[in-house]
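*Asks:* If it helps, the file is called structure19.cif and holds mmCIF, N, CA and C atoms:
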data_run
loop_
_atom_site.group_PDB
_atom_site.id
_atom_site.type_symbol
_atom_site.label_atom_id
_atom_site.label_comp_id
_atom_site.auth_asym_id
_atom_site.auth_seq_id
_atom_site.Cartn_x
_atom_site.Cartn_y
_atom_site.Cartn_z
ATOM 1 N N MET A 32 -1.607 34.213 18.515
ATOM 2 C CA MET A 32 -2.506 33.438 17.683
ATOM 3 C C MET A 32 -3.900 34.028 17.805
ATOM 4 N N ALA A 33 -4.592 34.182 16.699
ATOM 5 C CA ALA A 33 -5.939 34.736 16.715
ATOM 6 C C ALA A 33 -6.926 33.682 17.184
ATOM 7 N N ARG A 34 -7.883 34.097 17.962
ATOM 8 C CA ARG A 34 -8.894 33.184 18.494
ATOM 9 C C ARG A 34 -9.753 32.639 17.354
ATOM 10 N N GLY A 35 -9.905 31.325 17.316
ATOM 11 C CA GLY A 35 -10.782 30.688 16.340
ATOM 12 C C GLY A 35 -10.182 30.578 14.949
ATOM 13 N N VAL A 36 -8.929 31.001 14.804
ATOM 14 C CA VAL A 36 -8.289 30.924 13.488
ATOM 15 C C VAL A 36 -7.026 30.089 13.638
ATOM 16 N N PRO A 37 -6.950 28.935 12.983
ATOM 17 C CA PRO A 37 -5.763 28.085 13.111
ATOM 18 C C PRO A 37 -4.510 28.824 12.661
ATOM 19 N N GLY A 38 -3.521 28.833 13.525
ATOM 20 C CA GLY A 38 -2.241 29.456 13.178
ATOM 21 C C GLY A 38 -2.267 30.968 13.158
ATOM 22 N N GLY A 39 -3.383 31.577 13.443
ATOM 23 C CA GLY A 39 -3.454 33.038 13.463
ATOM 24 C C GLY A 39 -3.310 33.661 12.090
ATOM 25 N N SER A 40 -3.585 32.928 11.033
ATOM 26 C CA SER A 40 -3.346 33.433 9.684
ATOM 27 C C SER A 40 -4.241 34.620 9.325
ATOM 28 N N LEU A 41 -5.447 34.662 9.879
ATOM 29 C CA LEU A 41 -6.330 35.778 9.578
ATOM 30 C C LEU A 41 -5.752 37.084 10.120
ATOM 31 N N LEU A 42 -5.220 37.027 11.313
ATOM 32 C CA LEU A 42 -4.620 38.214 11.915
ATOM 33 C C LEU A 42 -3.437 38.693 11.085
ATOM 34 N N ALA A 43 -2.589 37.742 10.683
ATOM 35 C CA ALA A 43 -1.419 38.117 9.880
ATOM 36 C C ALA A 43 -1.850 38.680 8.538
ATOM 37 N N MET A 44 -2.839 38.071 7.916
ATOM 38 C CA MET A 44 -3.294 38.536 6.616
ATOM 39 C C MET A 44 -3.885 39.941 6.734
ATOM 40 N N THR A 45 -4.662 40.178 7.763
ATOM 41 C CA THR A 45 -5.271 41.485 7.954
ATOM 42 C C THR A 45 -4.203 42.550 8.186
ATOM 43 N N THR A 46 -3.202 42.234 9.008
ATOM 44 C CA THR A 46 -2.133 43.182 9.283
ATOM 45 C C THR A 46 -1.373 43.515 8.007
ATOM 46 N N ASN A 47 -1.047 42.518 7.198
ATOM 47 C CA ASN A 47 -0.315 42.754 5.956
ATOM 48 C C ASN A 47 -1.141 43.562 4.965
ATOM 49 N N GLN A 48 -2.436 43.383 4.956
ATOM 50 C CA GLN A 48 -3.277 44.125 4.025
ATOM 51 C C GLN A 48 -3.405 45.583 4.449
ATOM 52 N N LEU A 49 -3.336 45.867 5.729
ATOM 53 C CA LEU A 49 -3.452 47.245 6.190
ATOM 54 C C LEU A 49 -2.197 48.047 5.885
ATOM 55 N N GLU A 50 -1.043 47.410 5.909
ATOM 56 C CA GLU A 50 0.201 48.116 5.680
ATOM 57 C C GLU A 50 0.244 48.824 4.332
ATOM 58 N N PRO A 51 -0.022 48.145 3.202
ATOM 59 C CA PRO A 51 0.001 48.850 1.914
ATOM 60 C C PRO A 51 -1.038 49.955 1.839
ATOM 61 N N ALA A 52 -2.208 49.736 2.423
ATOM 62 C CA ALA A 52 -3.235 50.773 2.387
ATOM 63 C C ALA A 52 -2.744 52.013 3.115
ATOM 64 N N SER A 53 -2.086 51.817 4.244
ATOM 65 C CA SER A 53 -1.551 52.942 5.001
ATOM 66 C C SER A 53 -0.486 53.667 4.177
ATOM 67 N N SER A 54 0.370 52.904 3.512
ATOM 68 C CA SER A 54 1.416 53.486 2.685
ATOM 69 C C SER A 54 0.795 54.263 1.515
ATOM 70 N N GLU A 55 -0.232 53.697 0.896
ATOM 71 C CA GLU A 55 -0.911 54.391 -0.199
ATOM 72 C C GLU A 55 -1.558 55.668 0.298
ATOM 73 N N ARG A 56 -2.126 55.617 1.505
ATOM 74 C CA ARG A 56 -2.742 56.808 2.086
ATOM 75 C C ARG A 56 -1.687 57.891 2.316
ATOM 76 N N GLU A 57 -0.546 57.496 2.838
ATOM 77 C CA GLU A 57 0.531 58.463 3.070
ATOM 78 C C GLU A 57 1.013 59.067 1.757
ATOM 79 N N GLN A 58 1.141 58.239 0.720
ATOM 80 C CA GLN A 58 1.554 58.741 -0.586
ATOM 81 C C GLN A 58 0.518 59.711 -1.150
ATOM 82 N N ALA A 59 -0.754 59.365 -1.003
ATOM 83 C CA ALA A 59 -1.819 60.238 -1.490
ATOM 84 C C ALA A 59 -1.813 61.566 -0.747
ATOM 85 N N LEU A 60 -1.647 61.511 0.571
ATOM 86 C CA LEU A 60 -1.588 62.750 1.356
ATOM 87 C C LEU A 60 -0.398 63.611 0.944
ATOM 88 N N GLU A 61 0.735 62.980 0.721
ATOM 89 C CA GLU A 61 1.925 63.727 0.305
ATOM 90 C C GLU A 61 1.702 64.407 -1.040
ATOM 91 N N ARG A 62 1.091 63.685 -1.986
ATOM 92 C CA ARG A 62 0.822 64.269 -3.301
ATOM 93 C C ARG A 62 -0.175 65.421 -3.203
ATOM 94 N N LEU A 63 -1.213 65.251 -2.372
ATOM 95 C CA LEU A 63 -2.192 66.326 -2.193
ATOM 96 C C LEU A 63 -1.545 67.555 -1.568
ATOM 97 N N LYS A 64 -0.665 67.352 -0.598
ATOM 98 C CA LYS A 64 0.028 68.481 0.029
ATOM 99 C C LYS A 64 0.908 69.206 -0.978
ATOM 100 N N LYS A 65 1.615 68.436 -1.817
ATOM 101 C CA LYS A 65 2.465 69.056 -2.839
ATOM 102 C C LYS A 65 1.630 69.888 -3.807
ATOM 103 N N ARG A 66 0.477 69.346 -4.213
ATOM 104 C CA ARG A 66 -0.390 70.097 -5.130
ATOM 105 C C ARG A 66 -0.917 71.366 -4.484
ATOM 106 N N ARG A 67 -1.334 71.260 -3.239
ATOM 107 C CA ARG A 67 -1.858 72.435 -2.537
ATOM 108 C C ARG A 67 -0.760 73.484 -2.356
ATOM 109 N N ASP A 68 0.442 73.052 -2.000
ATOM 110 C CA ASP A 68 1.568 73.984 -1.868
ATOM 111 C C ASP A 68 1.866 74.655 -3.205
ATOM 112 N N PHE A 69 1.837 73.883 -4.281
ATOM 113 C CA PHE A 69 2.095 74.444 -5.604
ATOM 114 C C PHE A 69 1.053 75.500 -5.955
ATOM 115 N N GLN A 70 -0.198 75.227 -5.663
ATOM 116 C CA GLN A 70 -1.260 76.205 -5.930
ATOM 117 C C GLN A 70 -1.009 77.497 -5.166
ATOM 118 N N GLY A 71 -0.537 77.384 -3.939
ATOM 119 C CA GLY A 71 -0.177 78.573 -3.161
ATOM 120 C C GLY A 71 0.965 79.338 -3.806
ATOM 121 N N HIS A 72 1.946 78.605 -4.357
ATOM 122 C CA HIS A 72 3.066 79.253 -5.040
ATOM 123 C C HIS A 72 2.597 79.997 -6.291
ATOM 124 N N VAL A 73 1.651 79.408 -7.007
ATOM 125 C CA VAL A 73 1.112 80.065 -8.214
ATOM 126 C C VAL A 73 0.407 81.359 -7.834
ATOM 127 N N VAL A 74 -0.394 81.323 -6.775
ATOM 128 C CA VAL A 74 -1.099 82.535 -6.328
ATOM 129 C C VAL A 74 -0.088 83.605 -5.922
ATOM 130 N N ALA A 75 0.926 83.226 -5.150
ATOM 131 C CA ALA A 75 1.955 84.195 -4.740
ATOM 132 C C ALA A 75 2.668 84.773 -5.962
ATOM 133 N N TYR A 76 3.001 83.918 -6.911
ATOM 134 C CA TYR A 76 3.660 84.355 -8.144
ATOM 135 C C TYR A 76 2.809 85.397 -8.872
ATOM 136 N N LEU A 77 1.531 85.107 -9.028
ATOM 137 C CA LEU A 77 0.647 86.025 -9.750
ATOM 138 C C LEU A 77 0.466 87.351 -9.013
ATOM 139 N N VAL A 78 0.261 87.297 -7.703
ATOM 140 C CA VAL A 78 0.038 88.519 -6.924
ATOM 141 C C VAL A 78 1.291 89.390 -6.896
ATOM 142 N N VAL A 79 2.429 88.771 -6.581
ATOM 143 C CA VAL A 79 3.676 89.553 -6.492
ATOM 144 C C VAL A 79 4.055 90.120 -7.845
ATOM 145 N N ASN A 80 3.950 89.300 -8.900
ATOM 146 C CA ASN A 80 4.320 89.810 -10.221
ATOM 147 C C ASN A 80 3.364 90.884 -10.710
ATOM 148 N N ALA A 81 2.079 90.750 -10.416
ATOM 149 C CA ALA A 81 1.129 91.805 -10.784
ATOM 150 C C ALA A 81 1.501 93.108 -10.067
ATOM 151 N N ALA A 82 1.884 93.012 -8.801
ATOM 152 C CA ALA A 82 2.287 94.209 -8.046
ATOM 153 C C ALA A 82 3.556 94.825 -8.641
ATOM 154 N N LEU A 83 4.528 93.993 -8.961
ATOM 155 C CA LEU A 83 5.778 94.511 -9.525
ATOM 156 C C LEU A 83 5.548 95.176 -10.878
ATOM 157 N N TRP A 84 4.743 94.549 -11.725
ATOM 158 C CA TRP A 84 4.464 95.156 -13.020
ATOM 159 C C TRP A 84 3.623 96.417 -12.859
ATOM 160 N N GLY A 85 2.745 96.439 -11.857
ATOM 161 C CA GLY A 85 1.978 97.656 -11.558
ATOM 162 C C GLY A 85 2.886 98.798 -11.117
ATOM 163 N N ILE A 86 3.846 98.492 -10.250
ATOM 164 C CA ILE A 86 4.823 99.505 -9.812
ATOM 165 C C ILE A 86 5.621 99.988 -11.016
ATOM 166 N N TRP A 87 6.053 99.070 -11.835
ATOM 167 C CA TRP A 87 6.812 99.434 -13.032
ATOM 168 C C TRP A 87 6.010 100.385 -13.916
ATOM 169 N N ALA A 88 4.743 100.062 -14.144
ATOM 170 C CA ALA A 88 3.895 100.905 -14.997
ATOM 171 C C ALA A 88 3.635 102.257 -14.349
ATOM 172 N N ALA A 89 3.452 102.273 -13.029
ATOM 173 C CA ALA A 89 3.139 103.519 -12.315
ATOM 174 C C ALA A 89 4.345 104.454 -12.208
ATOM 175 N N THR A 90 5.550 103.894 -12.335
ATOM 176 C CA THR A 90 6.747 104.720 -12.180
ATOM 177 C C THR A 90 7.391 105.097 -13.501
ATOM 178 N N GLY A 91 6.639 105.013 -14.582
ATOM 179 C CA GLY A 91 7.158 105.503 -15.850
ATOM 180 C C GLY A 91 7.396 104.447 -16.899
ATOM 181 N N ALA A 92 7.290 103.201 -16.559
ATOM 182 C CA ALA A 92 7.420 102.100 -17.519
ATOM 183 C C ALA A 92 8.683 102.203 -18.364
ATOM 184 N N GLY A 93 9.805 102.419 -17.711
ATOM 185 C CA GLY A 93 11.080 102.456 -18.424
ATOM 186 C C GLY A 93 11.577 101.051 -18.700
ATOM 187 N N TYR A 94 12.797 100.787 -18.274
ATOM 188 C CA TYR A 94 13.379 99.456 -18.457
ATOM 189 C C TYR A 94 12.496 98.425 -17.750
ATOM 190 N N PRO A 95 12.113 97.350 -18.415
ATOM 191 C CA PRO A 95 11.185 96.366 -17.822
ATOM 192 C C PRO A 95 11.870 95.429 -16.814
ATOM 193 N N TRP A 96 12.329 96.008 -15.717
ATOM 194 C CA TRP A 96 13.031 95.235 -14.688
ATOM 195 C C TRP A 96 12.203 94.109 -14.066
ATOM 196 N N PRO A 97 10.861 94.225 -13.990
ATOM 197 C CA PRO A 97 10.121 93.088 -13.416
ATOM 198 C C PRO A 97 10.233 91.808 -14.240
ATOM 199 N N ALA A 98 10.667 91.929 -15.486
ATOM 200 C CA ALA A 98 10.823 90.734 -16.321
ATOM 201 C C ALA A 98 11.837 89.774 -15.728
ATOM 202 N N TRP A 99 12.855 90.297 -15.047
ATOM 203 C CA TRP A 99 13.860 89.435 -14.416
ATOM 204 C C TRP A 99 13.235 88.591 -13.306
ATOM 205 N N VAL A 100 12.403 89.229 -12.505
ATOM 206 C CA VAL A 100 11.726 88.506 -11.422
ATOM 207 C C VAL A 100 10.729 87.509 -12.010
ATOM 208 N N THR A 101 9.916 87.984 -12.954
ATOM 209 C CA THR A 101 8.906 87.124 -13.574
ATOM 210 C C THR A 101 9.555 85.907 -14.239
ATOM 211 N N GLY A 102 10.620 86.141 -14.984
ATOM 212 C CA GLY A 102 11.304 85.043 -15.677
ATOM 213 C C GLY A 102 11.987 84.072 -14.732
ATOM 214 N N GLY A 103 12.752 84.584 -13.783
ATOM 215 C CA GLY A 103 13.464 83.720 -12.843
ATOM 216 C C GLY A 103 12.516 82.907 -11.982
ATOM 217 N N TRP A 104 11.530 83.581 -11.435
ATOM 218 C CA TRP A 104 10.546 82.907 -10.593
ATOM 219 C C TRP A 104 9.704 81.944 -11.426
ATOM 220 N N GLY A 105 9.425 82.325 -12.667
ATOM 221 C CA GLY A 105 8.654 81.454 -13.565
ATOM 222 C C GLY A 105 9.380 80.147 -13.841
ATOM 223 N N ILE A 106 10.697 80.217 -14.022
ATOM 224 C CA ILE A 106 11.485 78.993 -14.221
ATOM 225 C C ILE A 106 11.372 78.101 -12.981
ATOM 226 N N GLY A 107 11.502 78.706 -11.811
ATOM 227 C CA GLY A 107 11.351 77.941 -10.573
ATOM 228 C C GLY A 107 9.968 77.324 -10.450
ATOM 229 N N LEU A 108 8.964 78.076 -10.852
ATOM 230 C CA LEU A 108 7.585 77.585 -10.798
ATOM 231 C C LEU A 108 7.385 76.409 -11.761
ATOM 232 N N LEU A 109 7.974 76.489 -12.938
ATOM 233 C CA LEU A 109 7.882 75.374 -13.894
ATOM 234 C C LEU A 109 8.563 74.116 -13.348
ATOM 235 N N LEU A 110 9.717 74.291 -12.713
ATOM 236 C CA LEU A 110 10.399 73.139 -12.115
ATOM 237 C C LEU A 110 9.566 72.544 -10.982
ATOM 238 N N ASN A 111 8.926 73.404 -10.204
ATOM 239 C CA ASN A 111 8.044 72.941 -9.136
ATOM 240 C C ASN A 111 6.860 72.190 -9.725
ATOM 241 N N ALA A 112 6.292 72.684 -10.813
ATOM 242 C CA ALA A 112 5.167 72.008 -11.471
ATOM 243 C C ALA A 112 5.584 70.629 -11.961
ATOM 244 N N TRP A 113 6.785 70.518 -12.506
ATOM 245 C CA TRP A 113 7.286 69.223 -12.957
ATOM 246 C C TRP A 113 7.374 68.261 -11.774
ATOM 247 N N GLU A 114 7.899 68.746 -10.671
ATOM 248 C CA GLU A 114 8.030 67.915 -9.462
ATOM 249 C C GLU A 114 6.663 67.436 -8.974
ATOM 250 N N VAL A 115 5.686 68.311 -8.992
ATOM 251 C CA VAL A 115 4.368 67.998 -8.425
ATOM 252 C C VAL A 115 3.521 67.151 -9.366
ATOM 253 N N TYR A 116 3.488 67.475 -10.656
ATOM 254 C CA TYR A 116 2.532 66.849 -11.561
ATOM 255 C C TYR A 116 3.115 65.802 -12.527
ATOM 256 N N MET A 117 4.395 65.851 -12.816
ATOM 257 C CA MET A 117 4.924 64.969 -13.854
ATOM 258 C C MET A 117 5.941 63.950 -13.362
ATOM 259 N N ARG A 118 6.608 64.220 -12.270
ATOM 260 C CA ARG A 118 7.642 63.309 -11.788
ATOM 261 C C ARG A 118 7.000 62.062 -11.188
ATOM 262 N N ALA A 119 7.462 60.907 -11.627
ATOM 263 C CA ALA A 119 6.907 59.642 -11.154
ATOM 264 C C ALA A 119 7.323 59.408 -9.700
ATOM 265 N N PRO A 120 6.418 58.880 -8.881
ATOM 266 C CA PRO A 120 6.783 58.575 -7.498
ATOM 267 C C PRO A 120 7.776 57.413 -7.447
ATOM 268 N N ILE A 121 8.509 57.331 -6.362
ATOM 269 C CA ILE A 121 9.465 56.244 -6.173
ATOM 270 C C ILE A 121 8.683 54.974 -5.869
ATOM 271 N N THR A 122 8.966 53.920 -6.629
ATOM 272 C CA THR A 122 8.260 52.657 -6.457
ATOM 273 C C THR A 122 9.146 51.665 -5.709
ATOM 274 N N GLU A 123 8.554 50.577 -5.300
ATOM 275 C CA GLU A 123 9.315 49.515 -4.643
ATOM 276 C C GLU A 123 10.357 48.950 -5.602
ATOM 277 N N ALA A 124 10.016 48.868 -6.888
ATOM 278 C CA ALA A 124 10.973 48.383 -7.894
ATOM 279 C C ALA A 124 12.183 49.325 -7.974
ATOM 280 N N ASP A 125 11.958 50.633 -7.869
ATOM 281 C CA ASP A 125 13.062 51.600 -7.868
ATOM 282 C C ASP A 125 13.983 51.363 -6.671
ATOM 283 N N VAL A 126 13.383 51.142 -5.509
ATOM 284 C CA VAL A 126 14.151 50.914 -4.282
ATOM 285 C C VAL A 126 14.975 49.638 -4.426
ATOM 286 N N GLN A 127 14.366 48.561 -4.908
ATOM 287 C CA GLN A 127 15.079 47.292 -5.073
ATOM 288 C C GLN A 127 16.212 47.431 -6.086
ATOM 289 N N HIS A 128 15.975 48.159 -7.166
ATOM 290 C CA HIS A 128 17.013 48.385 -8.177
ATOM 291 C C HIS A 128 18.200 49.133 -7.567
ATOM 292 N N GLU A 129 17.918 50.137 -6.764
ATOM 293 C CA GLU A 129 18.995 50.909 -6.129
ATOM 294 C C GLU A 129 19.766 50.052 -5.125
ATOM 295 N N ILE A 130 19.063 49.196 -4.386
ATOM 296 C CA ILE A 130 19.733 48.282 -3.456
ATOM 297 C C ILE A 130 20.673 47.354 -4.218
ATOM 298 N N GLU A 131 20.213 46.840 -5.359
ATOM 299 C CA GLU A 131 21.069 45.979 -6.184
ATOM 300 C C GLU A 131 22.296 46.732 -6.661
ATOM 301 N N ARG A 132 22.124 47.962 -7.066
ATOM 302 C CA ARG A 132 23.278 48.784 -7.508
ATOM 303 C C ARG A 132 24.266 48.979 -6.378
ATOM 304 N N LEU A 133 23.756 49.205 -5.159
ATOM 305 C CA LEU A 133 24.639 49.380 -4.005
ATOM 306 C C LEU A 133 25.431 48.105 -3.723
ATOM 307 N N HIS A 134 24.795 46.963 -3.865
ATOM 308 C CA HIS A 134 25.470 45.693 -3.627
ATOM 309 C C HIS A 134 26.563 45.441 -4.659
ATOM 310 N N HIS A 135 26.352 45.872 -5.890
ATOM 311 C CA HIS A 135 27.338 45.659 -6.938
ATOM 312 C C HIS A 135 28.526 46.610 -6.816
ATOM 313 N N GLN A 136 28.363 47.713 -6.114
ATOM 314 C CA GLN A 136 29.465 48.672 -5.930
ATOM 315 C C GLN A 136 30.467 48.172 -4.908
ATOM 316 N N HIS A 137 30.042 47.343 -4.007
ATOM 317 C CA HIS A 137 30.933 46.906 -2.918
ATOM 318 C C HIS A 137 31.630 45.640 -3.238
#
Spit out the file's structure as structure tokens when you get a sec.
*Replies:*
Amino acid sequence: MARGVPGGSLLAMTTNQLEPASSEREQALERLKKRRDFQGHVVAYLVVNAALWGIWAATGAGYPWPAWVTGGWGIGLLLNAWEVYMRAPITEADVQHEIERLHHQH
């Protein structure tokens, strides 16, 4: 029981209010990390592909073999961008909906 507060309700209210803030902070940190990681992937993609196309050009510019790397890696990069910037985060409503689905399966 909190001192000077009947029933300790202030303590309980404060604890409950901190929990969502902590969860929001964790979600924000996770999103920031994903964005920063994605930016690193973009830099790696640009540097490696520039090097591969440079090698291709320096060695006679025959069959454009770096296109396979650029295209394949580019598809992966687009999927990563979708994950980082467009995919909606999992909400409490999503979790509750999935729990309901699990209950109906049994």
*Asks:* Could you write out as a list of chain:residue names the residues that the PyMOL selection byres (((chain A and resi 109-113 and name CA) around 10) and name CA) matches in the shown file?
*Replies:* A:Lys65, A:Arg66, A:Asp68, A:Phe69, A:Gln70, A:His72, A:Val73, A:Trp104, A:Gly105, A:Ile106, A:Gly107, A:Leu108, A:Glu114, A:Val115, A:Tyr116, A:Met117, A:Arg118, A:Ala119
*Asks:* Find the distance between atom C of Lys64 in chain A and CA of Ala82 in chain A and write it in Å to one decimal.
*Replies:*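 The value is 26.0 Å.
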*Asks:* Could you please determine the separation between atom C of Glu57 in chain A and atom C of His128 in chain A in Å, to one decimal place?
*Replies:*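 Distance between the two atoms: 21.9 Å.
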*Asks:* Work out how far atom N of Ala98 in chain A is from atom N of Gly85 in chain A, in Å to one decimal.
*Replies:*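 Going from atom N of Gly85 in chain A over to atom N of Ala98 in chain A, I get 9.8 Å.
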*Asks:* If you run DSSP over the backbone, which residues in range 33-137 of chain A end up alpha helix (DSSP H)? Put them as JSON, numbers by chain.
*Replies:* {"A": [40, 41, 42, 43, 44, 45, 46, 47, 48, 49, 50, 51, 52, 53, 54, 55, 56, 57, 58, 59, 60, 61, 62, 63, 64, 65, 66, 67, 68, 69, 70, 71, 72, 73, 74, 75, 76, 77, 78, 79, 80, 81, 82, 83, 84, 85, 86, 87, 88, 89, 97, 98, 99, 100, 101, 102, 103, 104, 105, 106, 107, 108, 109, 110, 111, 112, 123, 124, 125, 126, 127, 128, 129, 130, 131, 132, 133, 134, 135, 136]}
